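**Q** Quick one, upload.txt (compact mmCIF, C-alpha atoms and all ligand atoms):
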# COMPACT_ATOMS: atom_id res chain seq x y z
CA MET A 27 -8.24 31.59 0.62
CA GLU A 28 -8.20 28.17 -1.04
CA ILE A 29 -4.91 27.52 -2.87
CA LYS A 30 -5.25 26.69 -6.55
CA ARG A 31 -3.07 23.64 -7.10
CA ASP A 32 -2.39 24.20 -10.76
CA TYR A 33 0.76 23.87 -12.85
CA LYS A 34 1.99 27.34 -11.87
CA TYR A 35 1.70 26.46 -8.17
CA TYR A 36 3.89 23.36 -8.35
CA LYS A 37 6.24 24.80 -10.99
CA GLU A 38 7.11 27.69 -8.69
CA ILE A 39 7.63 25.37 -5.74
CA PHE A 40 10.09 23.23 -7.71
CA GLU A 41 11.79 26.10 -9.57
CA ASN A 42 15.20 25.21 -8.13
CA THR A 43 14.81 21.46 -7.74
CA THR A 44 16.73 19.00 -9.86
CA ALA A 45 14.44 16.60 -11.75
CA PRO A 46 13.42 13.80 -11.70
CA PHE A 47 11.94 14.32 -8.23
CA ALA A 48 8.97 13.05 -6.25
CA TYR A 49 6.91 14.99 -3.76
CA VAL A 50 4.17 14.62 -1.19
CA ASP A 51 1.78 17.53 -0.75
CA LEU A 52 1.22 17.54 3.01
CA ASP A 53 -1.89 19.73 2.75
CA LEU A 54 -3.54 17.17 0.48
CA LEU A 55 -2.22 14.29 2.57
CA ARG A 56 -3.97 15.83 5.60
CA LYS A 57 -7.19 16.13 3.61
CA ASN A 58 -6.95 12.46 2.60
CA ILE A 59 -6.33 11.43 6.21
CA THR A 60 -9.43 13.36 7.30
CA ASP A 61 -11.53 11.83 4.52
CA ILE A 62 -10.32 8.29 5.25
CA SER A 63 -11.10 8.87 8.91
CA LYS A 64 -14.65 9.98 7.98
CA ARG A 65 -15.11 6.98 5.71
CA ALA A 66 -13.99 4.64 8.52
CA GLU A 67 -16.64 6.02 10.90
CA GLY A 68 -14.58 5.31 13.99
CA LYS A 69 -13.24 1.88 13.01
CA PRO A 70 -9.45 1.89 13.55
CA ILE A 71 -7.25 2.01 10.46
CA ARG A 72 -4.20 -0.21 9.97
CA VAL A 73 -1.81 1.81 7.81
CA ALA A 74 -0.41 -0.24 4.90
CA SER A 75 3.26 0.74 4.84
CA LYS A 76 3.90 -0.79 1.42
CA SER A 77 1.46 1.72 -0.06
CA VAL A 78 3.48 4.64 1.37
CA ARG A 79 7.13 3.46 1.68
CA CYS A 80 8.38 6.60 3.38
CA LEU A 81 8.95 6.47 7.13
CA SER A 82 8.47 10.17 7.71
CA VAL A 83 5.10 10.15 5.91
CA ILE A 84 4.01 7.03 7.79
CA GLN A 85 4.88 8.78 11.06
CA LYS A 86 2.89 11.83 9.99
CA ILE A 87 -0.14 9.61 9.33
CA LEU A 88 0.29 7.81 12.66
CA ASN A 89 0.59 11.12 14.54
CA SER A 90 -2.23 12.87 12.69
CA GLY A 91 -4.99 12.04 15.13
CA LEU A 92 -6.37 9.31 12.85
CA LYS A 93 -7.67 6.38 14.90
CA VAL A 94 -4.95 3.87 14.16
CA ALA A 95 -4.77 0.13 14.93
CA GLY A 96 -1.15 -0.20 13.89
CA VAL A 97 0.84 -0.68 10.72
CA MET A 98 0.64 -3.43 8.11
CA SER A 99 4.06 -4.29 6.74
CA TYR A 100 5.11 -6.14 3.64
CA CYS A 101 8.32 -8.09 4.28
CA ALA A 102 10.65 -8.98 7.14
CA GLN A 103 13.20 -6.31 6.22
CA ASP A 104 10.59 -3.51 6.21
CA THR A 105 9.08 -4.81 9.44
CA ILE A 106 12.40 -4.80 11.29
CA TYR A 107 13.30 -1.39 9.86
CA LEU A 108 9.94 0.06 10.93
CA SER A 109 10.15 -1.53 14.38
CA GLN A 110 13.69 -0.26 14.94
CA ASN A 111 12.54 3.21 13.95
CA GLY A 112 9.87 3.31 16.62
CA VAL A 113 6.82 2.10 14.70
CA GLU A 114 4.74 -0.06 17.03
CA ASN A 115 2.17 -2.78 16.54
CA LEU A 116 3.11 -4.33 13.22
CA LEU A 117 1.11 -6.89 11.29
CA LEU A 118 3.34 -8.51 8.67
CA ALA A 119 0.68 -9.36 6.12
CA TYR A 120 2.54 -11.81 3.89
CA PRO A 121 4.17 -15.10 4.93
CA VAL A 122 7.91 -15.12 5.62
CA VAL A 123 9.42 -18.57 5.03
CA ASP A 124 13.14 -17.79 5.17
CA GLU A 125 14.45 -18.96 8.55
CA PHE A 126 17.09 -16.23 8.69
CA TYR A 127 14.43 -13.53 8.44
CA ILE A 128 12.01 -15.31 10.77
CA HIS A 129 14.88 -15.40 13.26
CA GLN A 130 15.56 -11.66 12.86
CA LEU A 131 11.86 -11.04 13.50
CA ALA A 132 11.92 -13.36 16.51
CA LEU A 133 14.80 -11.35 18.00
CA GLU A 134 12.78 -8.16 17.56
CA ILE A 135 9.75 -9.80 19.21
CA LYS A 136 11.99 -11.00 22.05
CA LYS A 137 12.81 -7.36 22.78
CA GLY A 138 9.11 -6.90 23.55
CA LYS A 139 8.02 -5.52 20.17
CA LYS A 140 4.51 -6.34 19.02
CA ILE A 141 4.93 -7.99 15.62
CA VAL A 142 2.46 -10.52 14.24
CA LEU A 143 3.46 -12.90 11.41
CA MET A 144 1.10 -14.25 8.73
CA VAL A 145 0.33 -17.91 8.01
CA ASP A 146 -2.04 -19.93 5.89
CA LEU A 147 -0.24 -23.29 5.57
CA PRO A 148 1.01 -25.84 8.11
CA GLU A 149 4.53 -25.31 6.70
CA HIS A 150 4.39 -21.63 7.68
CA VAL A 151 3.41 -22.55 11.24
CA GLU A 152 6.10 -25.25 11.48
CA ARG A 153 8.90 -22.95 10.33
CA ILE A 154 7.90 -20.15 12.68
CA ASN A 155 7.51 -22.59 15.56
CA GLU A 156 10.99 -24.07 14.96
CA VAL A 157 12.61 -20.64 14.90
CA GLY A 158 10.62 -19.54 17.97
CA LYS A 159 11.97 -22.59 19.82
CA LEU A 160 15.55 -21.78 18.81
CA ALA A 161 15.18 -18.13 19.77
CA GLY A 162 13.29 -18.98 22.95
CA VAL A 163 10.30 -16.80 22.21
CA GLN A 164 6.63 -17.41 21.44
CA ILE A 165 5.80 -15.77 18.10
CA PRO A 166 2.37 -14.17 17.55
CA ILE A 167 0.72 -15.25 14.28
CA CYS A 168 -2.37 -14.39 12.25
CA LEU A 169 -4.39 -16.57 9.86
CA ASP A 170 -4.81 -15.18 6.36
CA ILE A 171 -8.27 -16.25 5.17
CA ASP A 172 -9.01 -16.41 1.46
CA MET A 173 -11.71 -13.88 0.59
CA THR A 174 -12.11 -14.73 -3.06
CA THR A 175 -15.64 -15.06 -4.37
CA ARG A 176 -16.59 -17.28 -7.27
CA PHE A 177 -19.24 -16.72 -9.89
CA PRO A 178 -19.90 -18.94 -12.90
CA GLY A 179 -16.69 -18.77 -14.93
CA ILE A 180 -15.20 -15.99 -12.78
CA TYR A 181 -12.55 -16.29 -10.07
CA PHE A 182 -13.23 -12.94 -8.40
CA GLY A 183 -10.24 -12.20 -6.18
CA VAL A 184 -6.55 -12.94 -5.81
CA TYR A 185 -4.53 -16.14 -5.48
CA ARG A 186 -2.99 -15.88 -2.04
CA SER A 187 -4.29 -17.83 0.90
CA SER A 188 -5.02 -21.55 0.85
CA LEU A 189 -7.52 -21.22 3.71
CA LYS A 190 -10.87 -21.21 1.99
CA LEU A 191 -13.04 -23.50 4.08
CA ILE A 192 -13.94 -23.46 7.76
CA GLU A 193 -12.61 -27.01 8.10
CA GLU A 194 -9.23 -25.95 6.70
CA ALA A 195 -9.00 -23.09 9.19
CA ARG A 196 -10.04 -25.40 12.04
CA LYS A 197 -7.33 -27.91 11.12
CA LEU A 198 -4.65 -25.24 10.98
CA TYR A 199 -5.79 -23.84 14.31
CA GLN A 200 -5.53 -27.34 15.85
CA LYS A 201 -1.94 -27.47 14.62
CA ILE A 202 -1.18 -24.03 16.04
CA LYS A 203 -2.54 -25.12 19.43
CA ASN A 204 -0.09 -28.03 19.39
CA CYS A 205 2.91 -25.79 18.73
CA ASP A 206 4.40 -24.20 21.86
CA TYR A 207 6.26 -21.36 20.16
CA VAL A 208 3.43 -19.79 18.18
CA GLU A 209 0.28 -18.10 19.40
CA LEU A 210 -2.76 -17.18 17.30
CA LYS A 211 -3.54 -13.48 17.67
CA GLY A 212 -5.96 -12.82 14.85
CA ILE A 213 -7.27 -13.31 11.36
CA MET A 214 -6.84 -11.21 8.27
CA GLY A 215 -8.99 -11.38 5.16
CA TYR A 216 -8.23 -9.10 2.24
CA GLU A 217 -11.20 -8.81 -0.09
CA ALA A 218 -9.01 -7.61 -2.98
CA GLN A 219 -11.83 -7.87 -5.51
CA ILE A 220 -13.70 -5.15 -3.60
CA ALA A 221 -10.84 -3.11 -2.14
CA GLY A 222 -8.39 -3.09 -5.01
CA LEU A 223 -10.56 -3.20 -8.10
CA ALA A 224 -11.64 0.11 -9.63
CA ASP A 225 -15.31 0.13 -10.59
CA ASN A 226 -15.50 3.45 -12.37
CA ASP A 227 -12.45 3.33 -14.61
CA PRO A 228 -13.10 4.61 -18.14
CA ILE A 229 -10.71 1.94 -19.40
CA ASN A 230 -13.23 -0.71 -18.22
CA GLY A 231 -16.06 0.76 -20.28
CA LEU A 232 -19.20 -1.38 -20.00
CA LYS A 233 -17.50 -3.69 -17.51
CA ASN A 234 -17.90 -1.09 -14.74
CA PRO A 235 -21.55 -1.90 -13.90
CA VAL A 236 -20.75 -5.63 -13.98
CA ILE A 237 -17.80 -5.10 -11.60
CA ARG A 238 -20.04 -3.09 -9.26
CA LEU A 239 -22.66 -5.85 -9.31
CA LEU A 240 -20.12 -8.59 -8.58
CA LYS A 241 -18.61 -6.44 -5.83
CA SER A 242 -21.95 -5.90 -4.13
CA LYS A 243 -22.73 -9.63 -4.30
CA SER A 244 -19.28 -10.40 -2.87
CA VAL A 245 -19.74 -8.15 0.17
CA LYS A 246 -22.23 -10.52 1.82
CA ILE A 247 -20.34 -13.68 0.88
CA VAL A 248 -17.13 -12.23 2.33
CA ALA A 249 -18.86 -11.10 5.54
CA ASP A 250 -20.55 -14.49 6.03
CA ARG A 251 -17.28 -16.38 5.51
CA ARG A 252 -15.38 -14.13 7.90
CA THR A 253 -18.09 -14.41 10.57
CA ALA A 254 -18.27 -18.21 10.26
CA ILE A 255 -14.51 -18.53 10.70
CA ILE A 256 -14.42 -16.14 13.66
CA ASN A 257 -17.25 -18.10 15.34
CA MET A 258 -15.55 -21.43 14.70
CA LEU A 259 -12.24 -20.17 16.12
CA GLY A 260 -14.05 -18.73 19.14
CA ASN A 261 -15.73 -22.10 19.78
CA GLU A 262 -12.32 -23.78 19.53
CA GLY A 263 -11.00 -21.47 22.25
CA ALA A 264 -9.12 -18.86 20.21
CA GLU A 265 -8.95 -15.33 21.57
CA LEU A 266 -8.64 -13.06 18.56
CA GLU A 267 -7.27 -9.57 19.16
CA ILE A 268 -7.05 -8.68 15.48
CA ILE A 269 -9.79 -9.10 12.89
CA ASN A 270 -8.38 -7.25 9.93
CA ALA A 271 -10.28 -6.58 6.73
CA GLY A 272 -10.18 -4.64 3.53
CA GLY A 273 -8.20 -1.87 1.97
CA THR A 274 -8.67 1.70 0.75
CA GLY A 275 -11.31 0.68 -1.79
CA SER A 276 -13.50 -1.26 0.64
CA ILE A 277 -13.58 0.91 3.76
CA GLU A 278 -17.35 1.51 3.47
CA THR A 279 -18.21 -2.18 3.27
CA SER A 280 -15.50 -3.61 5.56
CA ILE A 281 -16.57 -1.37 8.47
CA GLN A 282 -20.12 -2.72 8.25
CA GLU A 283 -19.00 -6.02 9.73
CA PRO A 284 -19.36 -5.65 13.51
CA LEU A 285 -16.72 -8.28 14.29
CA VAL A 286 -14.05 -6.57 12.20
CA THR A 287 -11.71 -4.73 14.60
CA GLU A 288 -9.73 -2.77 12.00
CA VAL A 289 -9.61 -1.90 8.31
CA THR A 290 -6.41 -1.50 6.31
CA ALA A 291 -5.73 1.60 4.22
CA GLY A 292 -2.59 2.71 2.44
CA SER A 293 -3.07 3.79 -1.15
CA GLY A 294 -5.74 6.33 -0.24
CA PHE A 295 -3.22 8.52 1.60
CA PHE A 296 -1.26 9.34 -1.56
CA ASN A 297 -4.24 8.54 -3.75
CA SER A 298 -2.36 7.15 -6.69
CA LYS A 299 -4.07 7.30 -10.06
CA LEU A 300 -5.86 3.91 -9.96
CA PHE A 301 -7.75 5.11 -6.88
CA ASP A 302 -9.36 7.94 -8.86
CA TYR A 303 -11.77 5.42 -10.30
CA TYR A 304 -14.01 4.20 -7.50
CA HIS A 305 -17.62 5.26 -7.58
CA ASN A 306 -18.04 5.76 -3.83
CA PHE A 307 -15.10 7.97 -2.81
CA GLN A 308 -12.65 10.53 -4.16
CA HIS A 309 -9.34 11.46 -2.55
CA GLU A 310 -6.77 14.08 -3.52
CA PRO A 311 -3.58 13.55 -5.55
CA ALA A 312 -1.16 14.00 -2.63
CA ALA A 313 1.89 12.45 -4.31
CA ALA A 314 3.35 12.95 -7.77
CA PHE A 315 6.65 13.17 -9.57
CA GLY A 316 8.26 15.69 -11.90
CA LEU A 317 10.31 15.13 -15.03
CA GLU A 318 12.12 17.86 -16.92
CA VAL A 319 11.70 18.83 -20.57
CA VAL A 320 15.09 18.35 -22.24
CA ARG A 321 14.30 18.19 -25.97
CA ILE A 322 11.75 19.52 -28.44
CA PRO A 323 11.89 17.09 -31.39
CA GLN A 324 9.15 18.96 -33.23
CA PRO A 325 6.64 21.67 -32.35
CA GLY A 326 4.14 20.39 -29.82
CA VAL A 327 6.29 17.38 -28.90
CA TYR A 328 8.53 17.55 -25.84
CA THR A 329 10.88 14.89 -24.56
CA CYS A 330 11.37 14.57 -20.82
CA TYR A 331 14.42 13.16 -19.13
CA GLY A 332 13.49 9.99 -17.20
CA GLY A 333 11.21 7.05 -17.82
CA GLY A 334 9.97 3.74 -16.50
CA PHE A 335 7.73 4.18 -13.47
CA ILE A 336 5.40 1.43 -14.76
CA ALA A 337 3.19 -0.07 -12.06
CA SER A 338 3.04 -3.78 -11.23
CA GLY A 339 0.26 -6.18 -12.16
CA PRO A 340 -1.10 -7.18 -15.57
CA VAL A 341 0.47 -4.89 -18.13
CA GLY A 342 -1.99 -2.40 -19.49
CA LYS A 343 -2.28 1.25 -20.36
CA ASN A 344 -3.54 2.07 -16.87
CA LYS A 345 -0.23 0.87 -15.37
CA GLN A 346 1.62 3.79 -16.94
CA PRO A 347 1.98 7.04 -15.05
CA SER A 348 -0.67 9.61 -15.93
CA PRO A 349 0.14 13.15 -16.98
CA TYR A 350 -1.05 15.40 -14.15
CA LEU A 351 0.02 19.02 -14.63
CA PRO A 352 -0.20 21.04 -16.76
CA GLN A 353 -3.48 19.61 -17.93
CA GLN A 354 -2.73 19.77 -21.66
CA VAL A 355 -0.30 16.82 -21.71
CA LYS A 356 -0.65 13.39 -23.31
CA THR A 357 1.83 10.56 -23.53
CA ILE A 358 2.53 9.14 -26.98
CA GLU A 359 0.87 5.78 -27.59
CA SER A 360 3.74 4.30 -29.63
CA GLU A 361 6.36 5.10 -26.95
CA GLY A 362 4.61 5.37 -23.60
CA PHE A 363 7.01 5.89 -20.73
CA GLY A 364 10.44 5.23 -22.21
CA GLU A 365 13.44 3.50 -20.72
CA VAL A 366 15.32 6.77 -20.12
CA GLN A 367 13.30 9.43 -21.94
CA THR A 368 9.59 10.07 -22.22
CA PRO A 369 8.08 12.08 -25.06
CA ILE A 370 4.81 13.91 -24.56
CA LEU A 371 2.39 15.85 -26.71
CA SER A 372 1.25 19.20 -25.41
CA THR A 373 -0.27 22.50 -26.42
CA TYR A 374 1.45 24.09 -23.41
CA PRO A 375 4.49 26.07 -24.60
CA PHE A 376 7.16 24.32 -22.53
CA GLN A 377 10.68 25.75 -22.36
CA ILE A 378 13.74 23.56 -21.94
CA GLY A 379 14.11 22.80 -18.21
CA ASP A 380 10.40 23.10 -17.38
CA PRO A 381 8.95 20.37 -15.15
CA VAL A 382 6.06 18.14 -16.20
CA PHE A 383 4.14 16.44 -13.39
CA PHE A 384 2.87 12.86 -13.46
CA ARG A 385 1.08 10.53 -11.07
CA HIS A 386 2.07 6.92 -10.55
CA ALA A 387 -0.66 4.30 -11.00
CA LYS A 388 0.17 2.73 -7.61
CA ALA A 389 0.93 4.53 -4.39
CA GLY A 390 3.95 2.98 -2.68
CA GLU A 391 5.71 2.00 -5.87
CA LEU A 392 6.44 5.67 -6.58
CA CYS A 393 8.90 5.64 -3.66
CA GLU A 394 10.84 2.71 -5.14
CA HIS A 395 12.03 5.09 -7.87
CA PHE A 396 13.35 7.83 -5.58
CA ASP A 397 15.71 8.02 -2.62
CA LYS A 398 13.74 10.89 -1.13
CA VAL A 399 10.50 12.79 -1.48
CA TYR A 400 10.09 16.54 -1.11
CA LEU A 401 7.47 17.45 1.46
CA VAL A 402 5.42 20.43 0.31
CA GLU A 403 3.18 22.58 2.45
CA ASN A 404 1.44 25.86 1.82
CA GLY A 405 3.33 26.69 -1.37
CA GLU A 406 6.85 25.66 -0.37
CA ILE A 407 9.16 22.74 0.22
CA VAL A 408 9.33 22.29 3.98
CA ALA A 409 11.50 19.17 4.18
CA GLN A 410 13.02 16.25 2.35
CA ALA A 411 12.28 12.75 3.61
CA PRO A 412 14.12 9.55 2.70
CA THR A 413 11.99 6.83 1.18
CA PHE A 414 12.45 3.20 2.27
CA ARG A 415 14.74 2.94 -0.76
CA GLY A 416 16.72 5.98 0.37
CA ASP A 417 17.16 4.57 3.85
CA ARG A 418 18.33 1.25 2.37
CA VAL A 419 20.97 3.12 0.35
CA LEU A 420 22.10 5.00 3.48
CA GLU A 421 22.35 1.73 5.36
CA ILE A 422 24.59 0.25 2.66
CA LEU A 423 26.77 3.39 2.61
CA ASN A 424 27.14 3.26 6.40
CA PHE A 425 28.00 -0.42 6.22
CA VAL A 426 30.72 0.29 3.66
CA LYS A 427 32.01 3.24 5.70
CA ASN A 428 32.14 1.23 8.91
CA ASN A 429 33.66 -1.90 7.44
CA PHE A 430 35.85 -0.91 4.55
CA GLN A 431 37.24 2.54 5.25
C1 LIG B 501 -3.24 -7.81 2.83
C2 LIG B 501 -3.61 -6.49 2.28
N1 LIG B 501 -4.49 -5.73 2.95
C3 LIG B 501 -4.84 -4.52 2.48
C4 LIG B 501 -4.35 -4.03 1.30
C5 LIG B 501 -4.87 -2.70 0.82
O1 LIG B 501 -3.97 -1.68 0.73
P1 LIG B 501 -4.35 -0.32 0.03
O2 LIG B 501 -5.19 0.45 0.97
O3 LIG B 501 -3.04 0.30 -0.24
O4 LIG B 501 -5.09 -0.63 -1.23
C6 LIG B 501 -3.45 -4.79 0.56
C7 LIG B 501 -2.92 -4.30 -0.72
O5 LIG B 501 -2.35 -4.96 -1.52
C8 LIG B 501 -3.07 -6.06 1.06
O6 LIG B 501 -2.19 -6.85 0.39
Can you turn what I pasted into structure tokens?
**A**
Amino acid sequence: MEIKRDYKYYKEIFENTTAPFAYVDLDLLRKNITDISKRAEGKPIRVASKSVRCLSVIQKILNSGLKVAGVMSYCAQDTIYLSQNGVENLLLAYPVVDEFYIHQLALEIKKGKKIVLMVDLPEHVERINEVGKLAGVQIPICLDIDMTTRFPGIYFGVYRSSLKLIEEARKLYQKIKNCDYVELKGIMGYEAQIAGLADNDPINGLKNPVIRLLKSKSVKIVADRRTAIINMLGNEGAELEIINAGGTGSIETSIQEPLVTEVTAGSGFFNSKLFDYYHNFQHEPAAAFGLEVVRIPQPGVYTCYGGGFIASGPVGKNKQPSPYLPQQVKTIESEGFGEVQTPILSTYPFQIGDPVFFRHAKAGELCEHFDKVYLVENGEIVAQAPTFRGDRVLEILNFVKNNFQ
């Protein structure tokens, strides 16, 4: 019998749990993995660790049977932590320019770990090459290609890579060939304006059809640019193992490019709130957090202990957490999510101590607010798993214990 995931279901599960708490519903996570796998139609998925930020959940995704290309990491610290915890084949998707951290990564690579660093400027290549020379190891690197599309008066995309033209990529590749301690392994192009931009969000109103139109026009431009760069690099003698594209929101279009070897997905596993609003797919709310009602300032108004949880990016209403369960809950416009307390309006007759469930707007950021997540399966808590943040805290505690006690 299908479980009804209503307020009663989660309230009973967390009856004896101290709030605030975060959880991952493993049954829904499995459903999302299956659906992402179907959407990818056999193209391998690179799991975006920054959109999960919990090692145990990442391992569950990697061991789920999903066809996986590896993991995409966010910073040097996360990459080393993941590598030292047995996660293989890491693509560090953002440039690291600090020599100390490049050196730490080089030492990990020297142990035989497959870690690929990201570059888009000659300075990135030079720094990595210098450190590679010092450490005595050749460091695998990947070119980040700008996938922005431009329409009259619209910069449709994100400001990240400087590599926009074929000539720029050719020049950088020439430089890489002249550096003995770096080796080009692949290219990455993140079409953020397709993958990360909701096109069915009620907050956008009449902009939704325009966004969809610009997205569909961008798909071809992005594919043509990627293909031209791959062909140019091939003609110059590059052997590309990795051709990485997209994100959760662009799986359908990124997989259409035959030369793409893998598509990134992260947010779709938890399916944070912003990913509810894409016209071509729907995943399940596998992660959420609970706050506790501690005050009743007037009938129908309840104040929860805990606040913040605002998502990154341009500040807007859609960056606040969304009330999830019970259904009859609204945040209060004039207060939103408070610094330490969050008032809500509700017709549900909450008692002091009752939980209220919310969803974060972004997936991985949820885990930055908690040291652990509760793993829920079939109506009960089956385990607790440290988040990246939790493991960082443990590391500091161990350091203090080992050095100062
Ligand atoms: C380089 C890169 N690839 C892919 C993604 C997509 O990740 P997600 O599936 O979590 O949207 C992101 C997200 O920011 C990214 O920065």
**Q** Which residues are near range 162-177 of chain A? Cut-off 6 Å, all atoms listed in the file, ignore same chain within fewer than 5 positions. Put them as a PyMOL selection string.
**A** chain A and resi 142-146+182-183+187+189-190+207-215+217+248
**Q** Could you tell me, as an NGL selection string, which residues have any atom at most 9 Å from (-0.4, 0.7, -13.9), counting all atoms listed in the file?
**A** :A and (299-300 or 335-347 or 386-388)
**Q** Under the rule that all atoms listed in the file are counted, which of A:Leu420, A:Val289, A:Ile322, A:Ala313 is the nearest residue to Tyr400 in chain A?
**A**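 So, comparing all the options, the nearest one is A:Ala313.
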**Q** Between A:Val184, A:Val286, A:Cys393, A:Cys330, which has the minimum distance to ligand LIG 501 (chain B) (counting all atoms listed in the file)?
**A** A:Val184
**Q** Give the answer as one residue: which of A:Lys93, A:Arg321, A:Arg72, A:Arg56 has the shortest atom-to-atom distance to Ile269 in chain A, using only C-alpha atoms?
**A** A:Arg72
**Q** To one decimal place in Å, what is the distance between CA of Ala264 in chain A and CA of Lys203 in chain A?
**A** 9.1 Å
**Q** Kindly work out which residues sit at most 6 Å from ligand LIG 501 (chain B), using all atoms listed in the file, and give the list as a list in words.
**A**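 Protein and nucleic-acid residues within 6 Å of ligand LIG 501 (chain B): Ala74, Ser77, Ala119, Tyr216, Gly222, Gly272, Gly273, Thr274, Thr290, Ala291, Gly292 and Ser293 of chain A.
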**Q** Excluding same-chain residues fewer than 4 positions from Cys205 in chain A, what lies within 12 Å of it counting all atoms listed in the file, as an mmCIF file with C-alpha atoms, keeping the file's coordinate frame?
**A**
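Done, and the output landed in selection-v5.cif:
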data_model
loop_
_atom_site.group_PDB
_atom_site.id
_atom_site.type_symbol
_atom_site.label_atom_id
_atom_site.label_comp_id
_atom_site.auth_asym_id
_atom_site.auth_seq_id
_atom_site.Cartn_x
_atom_site.Cartn_y
_atom_site.Cartn_z
ATOM 1 C CA PRO A 148 1.010 -25.840 8.110
ATOM 2 C CA HIS A 150 4.390 -21.630 7.680
ATOM 3 C CA VAL A 151 3.410 -22.550 11.240
ATOM 4 C CA GLU A 152 6.100 -25.250 11.480
ATOM 5 C CA ARG A 153 8.900 -22.950 10.330
ATOM 6 C CA ILE A 154 7.900 -20.150 12.680
ATOM 7 C CA ASN A 155 7.510 -22.590 15.560
ATOM 8 C CA GLU A 156 10.990 -24.070 14.960
ATOM 9 C CA VAL A 157 12.610 -20.640 14.900
ATOM 10 C CA GLY A 158 10.620 -19.540 17.970
ATOM 11 C CA LYS A 159 11.970 -22.590 19.820
ATOM 12 C CA GLN A 164 6.630 -17.410 21.440
ATOM 13 C CA ILE A 165 5.800 -15.770 18.100
ATOM 14 C CA PRO A 166 2.370 -14.170 17.550
ATOM 15 C CA ILE A 167 0.720 -15.250 14.280
ATOM 16 C CA LEU A 198 -4.650 -25.240 10.980
ATOM 17 C CA TYR A 199 -5.790 -23.840 14.310
ATOM 18 C CA GLN A 200 -5.530 -27.340 15.850
ATOM 19 C CA LYS A 201 -1.940 -27.470 14.620
ATOM 20 C CA GLU A 209 0.280 -18.100 19.400
ATOM 21 C CA LEU A 210 -2.760 -17.180 17.300
#
**Q** For the atom pair CA of Leu117 in chain A and CA of Arg79 in chain A, what is the interatomic distance in Å to one decimal place?
**A**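 Separating CA of Leu117 in chain A from CA of Arg79 in chain A is a distance of 15.4 Å.
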**Q** So that I can see what lies close to Ser298 in chain A, please list as a list in words the residues with an atom at most 9 Å from it, counting only C-alpha atoms and leaving out residues fewer than 3 positions away in the same chain.
**A**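 Using only C-alpha atoms, the neighbours found are Ser293, Gly294, Phe295, Phe301, Asp302, Glu310, Pro311, Ala312, Ala313, Ala314, Arg385, His386, Ala387, Lys388, Ala389, Gly390 and Leu392 of chain A.
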**Q** One decimal, Å: what's the distance from CA of Glu67 in chain A over to CA of Leu81 in chain A, could you say?
**A**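 So the two atoms, CA of Glu67 in chain A and CA of Leu81 in chain A, lie 25.9 Å apart.
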**Q** Excluding Asp225 in chain A and any residue of its chain fewer than 2 positions from it, enumerate the residues within 10 Å of it, using all atoms listed in the file, and give them as an NGL selection string.
**A** :A and (220 or 222-223 or 227-228 or 230-231 or 233-239 or 241 or 275 or 301-306)
